[in-house]
Structures are given as C-alpha cells and as structure tokens.
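Student: Just one file: work_34.pdb, with PDB, N, CA and C atoms and all ligand atoms.
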```pdb
ATOM      1  N   MET K  29     132.729  73.183   6.552
ATOM      2  CA  MET K  29     131.703  73.848   7.372
ATOM      3  C   MET K  29     130.659  74.527   6.483
ATOM      4  N   GLY K  30     131.138  75.194   5.450
ATOM      5  CA  GLY K  30     130.252  75.863   4.503
ATOM      6  C   GLY K  30     129.324  74.876   3.831
ATOM      7  N   ARG K  31     129.822  73.684   3.597
ATOM      8  CA  ARG K  31     129.036  72.662   2.935
ATOM      9  C   ARG K  31     127.873  72.219   3.825
ATOM     10  N   ILE K  32     128.138  72.053   5.117
ATOM     11  CA  ILE K  32     127.081  71.652   6.063
ATOM     12  C   ILE K  32     125.980  72.706   6.113
ATOM     13  N   LEU K  33     126.397  73.970   6.178
ATOM     14  CA  LEU K  33     125.420  75.066   6.204
ATOM     15  C   LEU K  33     124.550  75.024   4.946
ATOM     16  N   PHE K  34     125.205  74.748   3.812
ATOM     17  CA  PHE K  34     124.478  74.674   2.545
ATOM     18  C   PHE K  34     123.400  73.589   2.610
ATOM     19  N   PHE K  35     123.768  72.428   3.142
ATOM     20  CA  PHE K  35     122.790  71.329   3.214
ATOM     21  C   PHE K  35     121.652  71.640   4.184
ATOM     22  N   VAL K  36     122.019  72.303   5.291
ATOM     23  CA  VAL K  36     120.984  72.683   6.255
ATOM     24  C   VAL K  36     120.004  73.651   5.602
ATOM     25  N   ALA K  37     120.541  74.620   4.873
ATOM     26  CA  ALA K  37     119.687  75.601   4.198
ATOM     27  C   ALA K  37     118.801  74.910   3.166
ATOM     28  N   LEU K  38     119.404  73.970   2.426
ATOM     29  CA  LEU K  38     118.652  73.229   1.407
ATOM     30  C   LEU K  38     117.504  72.458   2.064
ATOM     31  N   PHE K  39     117.819  71.791   3.174
ATOM     32  CA  PHE K  39     116.805  71.013   3.879
ATOM     33  C   PHE K  39     115.670  71.915   4.360
ATOM     34  N   ALA K  40     116.056  73.087   4.904
ATOM     35  CA  ALA K  40     115.053  74.036   5.394
ATOM     36  C   ALA K  40     114.160  74.497   4.243
ATOM     37  N   ALA K  41     114.764  74.768   3.095
ATOM     38  CA  ALA K  41     114.004  75.238   1.939
ATOM     39  C   ALA K  41     113.001  74.164   1.502
ATOM     40  N   ILE K  42     113.470  72.903   1.462
ATOM     41  CA  ILE K  42     112.587  71.805   1.063
ATOM     42  C   ILE K  42     111.430  71.657   2.058
ATOM     43  N   TRP K  43     111.777  71.751   3.339
ATOM     44  CA  TRP K  43     110.753  71.593   4.384
ATOM     45  C   TRP K  43     109.692  72.691   4.277
ATOM     46  N   ILE K  44     110.163  73.938   4.032
ATOM     47  CA  ILE K  44     109.222  75.062   3.912
ATOM     48  C   ILE K  44     108.316  74.855   2.695
ATOM     49  N   ALA K  45     108.913  74.461   1.578
ATOM     50  CA  ALA K  45     108.129  74.240   0.355
ATOM     51  C   ALA K  45     107.093  73.145   0.590
ATOM     52  N   TRP K  46     107.499  72.086   1.273
ATOM     53  CA  TRP K  46     106.594  70.955   1.543
ATOM     54  C   TRP K  46     105.424  71.396   2.427
ATOM     55  N   THR K  47     105.768  72.178   3.460
ATOM     56  CA  THR K  47     104.733  72.671   4.374
ATOM     57  C   THR K  47     103.712  73.534   3.629
ATOM     58  N   PHE K  48     104.234  74.425   2.779
ATOM     59  CA  PHE K  48     103.325  75.311   2.050
ATOM     60  C   PHE K  48     102.431  74.515   1.099
ATOM     61  N   SER K  49     103.016  73.534   0.417
ATOM     62  CA  SER K  49     102.226  72.755  -0.538
ATOM     63  C   SER K  49     101.147  71.952   0.189
ATOM     64  N   ARG K  50     101.479  71.488   1.397
ATOM     65  CA  ARG K  50     100.478  70.752   2.176
ATOM     66  C   ARG K  50      99.316  71.648   2.565
ATOM     67  N   LYS K  51      99.656  72.862   2.980
ATOM     68  CA  LYS K  51      98.614  73.817   3.379
ATOM     69  C   LYS K  51      97.718  74.116   2.171
ATOM     70  N   ARG K  52      98.349  74.272   1.023
ATOM     71  CA  ARG K  52      97.641  74.577  -0.221
ATOM     72  C   ARG K  52      96.670  73.423  -0.556
ATOM     73  N   ASN K  53      97.160  72.198  -0.404
ATOM     74  CA  ASN K  53      96.311  71.041  -0.702
ATOM     75  C   ASN K  53      95.094  70.996   0.202
ATOM     76  N   ARG K  54      95.316  71.299   1.476
ATOM     77  CA  ARG K  54      94.186  71.259   2.405
ATOM     78  C   ARG K  54      93.149  72.299   2.013
ATOM     79  N   LEU K  55      93.611  73.458   1.591
ATOM     80  CA  LEU K  55      92.698  74.501   1.138
ATOM     81  C   LEU K  55      91.897  74.008  -0.059
ATOM     82  N   ASP K  56      92.601  73.372  -1.004
ATOM     83  CA  ASP K  56      91.923  72.849  -2.190
ATOM     84  C   ASP K  56      90.830  71.875  -1.796
ATOM     85  N   ASN K  57      91.148  70.998  -0.833
ATOM     86  CA  ASN K  57      90.147  70.030  -0.391
ATOM     87  C   ASN K  57      88.926  70.717   0.185
ATOM     88  N   GLU K  58      89.169  71.757   0.982
ATOM     89  CA  GLU K  58      88.035  72.473   1.571
ATOM     90  C   GLU K  58      87.205  73.146   0.493
ATOM     91  N   GLU K  59      87.889  73.735  -0.482
ATOM     92  CA  GLU K  59      87.170  74.370  -1.589
ATOM     93  C   GLU K  59      86.331  73.350  -2.345
ATOM     94  N   ARG K  60      86.924  72.184  -2.567
ATOM     95  CA  ARG K  60      86.224  71.142  -3.314
ATOM     96  C   ARG K  60      84.960  70.700  -2.569
ATOM     97  N   ARG K  61      85.123  70.509  -1.225
ATOM     98  CA  ARG K  61      83.962  70.104  -0.422
ATOM     99  C   ARG K  61      82.862  71.158  -0.496
ATOM    100  N   GLU K  62      83.282  72.421  -0.408
ATOM    101  CA  GLU K  62      82.321  73.519  -0.445
ATOM    102  C   GLU K  62      81.581  73.517  -1.789
ATOM    103  N   LEU K  63      82.347  73.324  -2.845
ATOM    104  CA  LEU K  63      81.764  73.306  -4.189
ATOM    105  C   LEU K  63      80.768  72.167  -4.328
ATOM    106  N   GLU K  64      81.178  71.000  -3.816
ATOM    107  CA  GLU K  64      80.315  69.822  -3.888
ATOM    108  C   GLU K  64      78.997  70.066  -3.144
ATOM    109  N   ARG K  65      79.123  70.719  -1.988
ATOM    110  CA  ARG K  65      77.948  71.031  -1.182
ATOM    111  C   ARG K  65      77.019  71.973  -1.943
ATOM    112  N   LEU K  66      77.619  72.991  -2.572
ATOM    113  CA  LEU K  66      76.814  73.952  -3.330
ATOM    114  C   LEU K  66      76.114  73.261  -4.490
ATOM    115  N   ARG K  67      76.853  72.367  -5.157
ATOM    116  CA  ARG K  67      76.277  71.672  -6.303
ATOM    117  C   ARG K  67      75.091  70.802  -5.872
ATOM    118  N   ALA K  68      75.248  70.108  -4.737
ATOM    119  CA  ALA K  68      74.165  69.258  -4.228
ATOM    120  C   ALA K  68      72.940  70.101  -3.904
ATOM    121  N   LYS K  69      73.197  71.273  -3.303
ATOM    122  CA  LYS K  69      72.100  72.171  -2.963
ATOM    123  C   LYS K  69      71.393  72.629  -4.239
ATOM    124  N   ASP K  70      72.188  72.944  -5.245
ATOM    125  CA  ASP K  70      71.640  73.399  -6.523
ATOM    126  C   ASP K  70      70.768  72.312  -7.137
ATOM    127  N   ARG K  71      71.284  71.073  -7.118
ATOM    128  CA  ARG K  71      70.510  69.943  -7.648
ATOM    129  C   ARG K  71      69.183  69.826  -6.921
ATOM    130  N   GLU K  72      69.249  69.944  -5.594
ATOM    131  CA  GLU K  72      68.030  69.827  -4.794
ATOM    132  C   GLU K  72      67.024  70.906  -5.168
ATOM    133  N   SER K  73      67.510  72.129  -5.303
ATOM    134  CA  SER K  73      66.603  73.245  -5.563
ATOM    135  C   SER K  73      65.951  73.109  -6.932
ATOM    136  N   ARG K  74      66.620  72.396  -7.849
ATOM    137  CA  ARG K  74      66.011  72.195  -9.161
ATOM    138  C   ARG K  74      65.191  70.906  -9.219
ATOM    139  N   GLY K  75      65.099  70.232  -8.088
ATOM    140  CA  GLY K  75      64.312  69.000  -8.049
ATOM    141  C   GLY K  75      64.964  67.857  -8.790
ATOM    142  N   LEU K  76      66.287  67.883  -8.892
ATOM    143  CA  LEU K  76      66.979  66.829  -9.624
ATOM    144  C   LEU K  76      67.840  65.996  -8.675
ATOM    145  N   SER K  77      67.325  65.752  -7.498
ATOM    146  CA  SER K  77      68.101  64.975  -6.538
ATOM    147  C   SER K  77      68.331  63.568  -7.079
ATOM    148  N   ARG K  78      69.346  62.902  -6.534
ATOM    149  CA  ARG K  78      69.718  61.598  -7.073
ATOM    150  C   ARG K  78      68.650  60.543  -6.824
ATOM    151  N   THR K  79      67.811  60.767  -5.834
ATOM    152  CA  THR K  79      66.756  59.806  -5.547
ATOM    153  C   THR K  79      65.401  60.469  -5.767
ATOM    154  N   PRO K  80      64.875  60.351  -6.967
ATOM    155  CA  PRO K  80      63.608  61.007  -7.267
ATOM    156  C   PRO K  80      62.414  60.215  -6.744
ATOM    157  N   ALA K  81      62.537  59.739  -5.497
ATOM    158  CA  ALA K  81      61.450  58.965  -4.924
ATOM    159  C   ALA K  81      60.251  59.858  -4.634
ATOM    160  N   GLY K  82      59.081  59.330  -4.885
ATOM    161  CA  GLY K  82      57.873  60.079  -4.585
ATOM    162  C   GLY K  82      57.580  61.164  -5.595
ATOM    163  N   GLU K  83      58.246  61.096  -6.731
ATOM    164  CA  GLU K  83      58.005  62.096  -7.750
ATOM    165  C   GLU K  83      56.666  61.819  -8.438
ATOM    166  N   ALA K  84      55.957  62.895  -8.736
ATOM    167  CA  ALA K  84      54.644  62.751  -9.365
ATOM    168  C   ALA K  84      54.787  62.180 -10.773
ATOM    169  N   MET K  85      54.018  61.159 -11.059
ATOM    170  CA  MET K  85      54.053  60.544 -12.378
ATOM    171  C   MET K  85      52.739  60.838 -13.097
ATOM    172  N   VAL K  86      52.854  61.051 -14.389
ATOM    173  CA  VAL K  86      51.649  61.273 -15.183
ATOM    174  C   VAL K  86      51.662  60.331 -16.375
ATOM    175  N   LYS K  87      50.492  60.148 -16.958
ATOM    176  CA  LYS K  87      50.355  59.206 -18.076
ATOM    177  C   LYS K  87      50.231  59.977 -19.383
ATOM    178  N   CYS K  88      51.003  59.558 -20.345
ATOM    179  CA  CYS K  88      50.924  60.171 -21.667
ATOM    180  C   CYS K  88      49.591  59.791 -22.310
ATOM    181  N   GLU K  89      48.916  60.782 -22.856
ATOM    182  CA  GLU K  89      47.596  60.526 -23.449
ATOM    183  C   GLU K  89      47.707  59.881 -24.826
ATOM    184  N   ALA K  90      48.878  59.942 -25.415
ATOM    185  CA  ALA K  90      49.044  59.375 -26.752
ATOM    186  C   ALA K  90      49.506  57.920 -26.693
ATOM    187  N   CYS K  91      50.552  57.637 -25.921
ATOM    188  CA  CYS K  91      51.109  56.285 -25.927
ATOM    189  C   CYS K  91      50.863  55.545 -24.611
ATOM    190  N   GLY K  92      50.338  56.221 -23.596
ATOM    191  CA  GLY K  92      49.969  55.555 -22.354
ATOM    192  C   GLY K  92      51.119  55.258 -21.423
ATOM    193  N   VAL K  93      52.277  55.809 -21.713
ATOM    194  CA  VAL K  93      53.456  55.567 -20.882
ATOM    195  C   VAL K  93      53.445  56.505 -19.672
ATOM    196  N   TYR K  94      53.936  56.022 -18.529
ATOM    197  CA  TYR K  94      54.051  56.870 -17.332
ATOM    198  C   TYR K  94      55.439  57.493 -17.269
ATOM    199  N   PHE K  95      55.479  58.747 -16.902
ATOM    200  CA  PHE K  95      56.769  59.451 -16.864
ATOM    201  C   PHE K  95      56.699  60.564 -15.822
ATOM    202  N   PRO K  96      57.846  61.081 -15.378
ATOM    203  CA  PRO K  96      57.855  62.150 -14.371
ATOM    204  C   PRO K  96      57.148  63.390 -14.894
ATOM    205  N   LYS K  97      56.377  64.000 -14.028
ATOM    206  CA  LYS K  97      55.540  65.128 -14.436
ATOM    207  C   LYS K  97      56.364  66.298 -14.970
ATOM    208  N   ARG K  98      57.595  66.456 -14.403
ATOM    209  CA  ARG K  98      58.380  67.614 -14.825
ATOM    210  C   ARG K  98      58.877  67.489 -16.266
ATOM    211  N   GLU K  99      58.787  66.262 -16.837
ATOM    212  CA  GLU K  99      59.212  66.088 -18.228
ATOM    213  C   GLU K  99      58.038  66.192 -19.179
ATOM    214  N   ALA K 100      56.888  66.507 -18.649
ATOM    215  CA  ALA K 100      55.676  66.498 -19.462
ATOM    216  C   ALA K 100      55.698  67.578 -20.532
ATOM    217  N   VAL K 101      55.126  67.222 -21.687
ATOM    218  CA  VAL K 101      54.883  68.201 -22.748
ATOM    219  C   VAL K 101      53.394  68.498 -22.717
ATOM    220  N   LEU K 102      53.072  69.753 -22.484
ATOM    221  CA  LEU K 102      51.666  70.111 -22.280
ATOM    222  C   LEU K 102      51.097  70.802 -23.511
ATOM    223  N   ARG K 103      49.796  70.514 -23.736
ATOM    224  CA  ARG K 103      49.065  71.286 -24.748
ATOM    225  C   ARG K 103      47.661  71.446 -24.190
ATOM    226  N   GLY K 104      47.379  72.631 -23.691
ATOM    227  CA  GLY K 104      46.103  72.858 -23.032
ATOM    228  C   GLY K 104      46.000  71.973 -21.803
ATOM    229  N   GLU K 105      44.938  71.160 -21.742
ATOM    230  CA  GLU K 105      44.733  70.266 -20.603
ATOM    231  C   GLU K 105      45.423  68.923 -20.823
ATOM    232  N   HIS K 106      45.931  68.704 -22.005
ATOM    233  CA  HIS K 106      46.485  67.406 -22.367
ATOM    234  C   HIS K 106      47.955  67.290 -21.988
ATOM    235  N   VAL K 107      48.331  66.066 -21.604
ATOM    236  CA  VAL K 107      49.698  65.793 -21.143
ATOM    237  C   VAL K 107      50.320  64.718 -22.026
ATOM    238  N   TYR K 108      51.509  64.970 -22.513
ATOM    239  CA  TYR K 108      52.200  63.996 -23.357
ATOM    240  C   TYR K 108      53.624  63.797 -22.873
ATOM    241  N   CYS K 109      54.196  62.639 -23.217
ATOM    242  CA  CYS K 109      55.540  62.315 -22.756
ATOM    243  C   CYS K 109      56.598  62.988 -23.612
ATOM    244  N   SER K 110      56.256  63.339 -24.823
ATOM    245  CA  SER K 110      57.241  63.924 -25.721
ATOM    246  C   SER K 110      56.538  64.778 -26.767
ATOM    247  N   ARG K 111      57.322  65.574 -27.452
ATOM    248  CA  ARG K 111      56.744  66.404 -28.507
ATOM    249  C   ARG K 111      56.211  65.521 -29.634
ATOM    250  N   ARG K 112      56.868  64.376 -29.829
ATOM    251  CA  ARG K 112      56.416  63.475 -30.887
ATOM    252  C   ARG K 112      55.006  62.980 -30.585
ATOM    253  N   CYS K 113      54.752  62.616 -29.310
ATOM    254  CA  CYS K 113      53.414  62.157 -28.938
ATOM    255  C   CYS K 113      52.402  63.289 -29.088
ATOM    256  N   ARG K 114      52.801  64.480 -28.701
ATOM    257  CA  ARG K 114      51.886  65.611 -28.827
ATOM    258  C   ARG K 114      51.523  65.845 -30.285
ATOM    259  N   ASP K 115      52.534  65.798 -31.152
ATOM    260  CA  ASP K 115      52.272  66.024 -32.577
ATOM    261  C   ASP K 115      51.424  64.900 -33.146
ATOM    262  N   ARG K 116      51.677  63.670 -32.665
ATOM    263  CA  ARG K 116      50.886  62.527 -33.159
ATOM    264  C   ARG K 116      49.427  62.691 -32.727
ATOM    265  N   ALA K 117      49.187  63.189 -31.502
ATOM    266  CA  ALA K 117      47.838  63.365 -31.012
ATOM    267  C   ALA K 117      47.128  64.491 -31.752
ATOM    268  N   GLU K 118      47.885  65.452 -32.209
ATOM    269  CA  GLU K 118      47.305  66.587 -32.924
ATOM    270  C   GLU K 118      46.769  66.167 -34.271
ATOM    271  N   SER K 119      47.534  65.329 -34.975
ATOM    272  CA  SER K 119      47.158  64.980 -36.349
ATOM    273  C   SER K 119      46.099  63.894 -36.388
TER     274      SER K 119
HETATM  275 ZN    ZN N   1      53.785  59.386 -25.273
END
```
Since I need it in another form, could you write the structure as structure tokens?
Ligand SMILES: [Zn+2]
Tutor:
Amino acid sequence: MGRILFFVALFAAIWIAWTFSRKRNRLDNEERRELERLRAKDRESRGLSRTPAGEAMVKCEACGVYFPKREAVLRGEHVYCSRRCRDRAES
C-alpha cells in the first residue's frame, strides 16, 4: 500500500513540474514576441526597415554612384558616397 502511495506522489510531483515548466515556456514565448515587436519598432524608428522601398537616393559627385541618402558623406553642399570619394574630390 505504501508503495502505491509513493508512486501516486511521484506521479503528482512530475505532473506539477511539467505544468509549471509549460507555463514558464508560454511566458518565454510571450516575452520573445514582445521583444521582437519592440525590435521591429526600433528598426522602423531608425529608418532601417527591411524593405527600404522609396528611399531617397543621391548621386556621388566623385564616382557618380547612386546610394541611399542616409549613407551620404557631406562636405558643404557636396555629397559623396564615402569618405574616400570625399577625400579624392578634395585633392
Ligand atoms: Zn563615390
């Protein structure tokens, strides 16, 4: 009889542990989703969305290449694609 009680208690303990771990996992998933949402919002606010469609493009005055305006290297009114182009235009 004592042995049966022992197994019942063991089963109950396992079931409780399993239930708690499941609840914990669900919480983790919710946290992960929340984090992902925040990260996407952050990307958007910095203008780094995954689809940079319609982004303003400018032409480098040194090499003539077109590139996103936010990557521009500026010197006065002049626009360059990189510091190397800016330095080349200076000399
Ligand atoms: Zn350039």
Student: Find, counting all atoms listed in the file, the residue in K:Arg111, K:Arg74, K:Arg31, K:Lys51 that gets nearest to ligand ZN 1 (chain N).
Tutor: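 Closest residue, counting all atoms listed in the file: K:Arg111.
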Student: Mind giving me the axis-aligned box for stretch 36-42 of chain K with 6 Å on every side, centre plus edges in Å to one decimal, as lines of an AutoDock Vina configuration file?
Tutor:
```
center_x = 116.7
center_y = 73.3
center_z = 3.7
size_x = 22.6
size_y = 16.6
size_z = 17.2
```
Student: Rounded to one decimal, what separation in Å do you get between atom ZN of ligand ZN 1 (chain N) and atom CA of K:Val101?
Tutor: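 Computing it gives 9.2 Å between the two atoms.
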Student: Please report, as a tab-separated table, each residue of chain K lying at most 6.5 Å from ligand ZN 1 (chain N), together with the nearest pair of atoms and the separation in Å rounded to one decimal; use all atoms listed in the file, and order rows by chain and ascending residue number.
Tutor:
```
residue	atom	partner	partner_atom	distance
K:Cys88	CA	N:ZN1	ZN	4.7
K:Glu89	N	N:ZN1	ZN	5.6
K:Ala90	C	N:ZN1	ZN	4.7
K:Cys91	N	N:ZN1	ZN	3.7
K:Gly92	N	N:ZN1	ZN	5.0
K:Val93	N	N:ZN1	ZN	5.3
K:Tyr108	C	N:ZN1	ZN	5.0
K:Cys109	N	N:ZN1	ZN	3.9
K:Ser110	N	N:ZN1	ZN	4.7
K:Cys113	CA	N:ZN1	ZN	4.6
K:Arg114	N	N:ZN1	ZN	6.2
```
Student: Pull the strand (DSSP E) assignments for chain K out of DSSP run on the backbone, and list those residues as a list of chain:residue names.
Tutor: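 The strand (DSSP E) subset of chain K is K:Met85, K:Val86, K:Lys87, K:Tyr94, K:Phe95, K:Pro96, K:Val101, K:Leu102, K:Arg103, K:His106, K:Val107, K:Tyr108.
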Student: Please return as JSON, numbers by chain: the residues of chain K that backbone DSSP assigns to alpha helix (DSSP H).
Tutor: {"K": [30, 31, 32, 33, 34, 35, 36, 37, 38, 39, 40, 41, 42, 43, 44, 45, 46, 47, 48, 49, 50, 51, 52, 53, 54, 55, 56, 57, 58, 59, 60, 61, 62, 63, 64, 65, 66, 67, 68, 69, 70, 71, 72, 73, 111, 112, 113, 114, 115, 116, 117, 118]}
Student: Give me, please, the distance in Å between atom CA of K:Phe95 and atom N of K:Ala117, quoted to one decimal.
Tutor: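 Here the two named atoms are 16.9 Å from each other.
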Student: One number please: atom N of K:Arg61 to atom C of K:Ser73, in Å, one decimal.
Tutor: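 If I compute the distance from atom N of K:Arg61 to atom C of K:Ser73, I get 20.2 Å.
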Student: Could you check the closest approach to K:His106 for each of K:Tyr94, K:Ala68, K:Val86, K:Ala37 and tell me which residue wins, using only C-alpha atoms?
Tutor: K:Val86
Student: Find the residues around K:Lys97 up to 6.5 Å (all atoms listed in the file counted), leave out those fewer than 2 positions away in its own chain, and share them as a list of chain:residue names.
Tutor: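 Near K:Lys97, the qualifying residues are K:Glu83, K:Ala84, K:Met85, K:Val86, K:Phe95, K:Glu99, K:Ala100.
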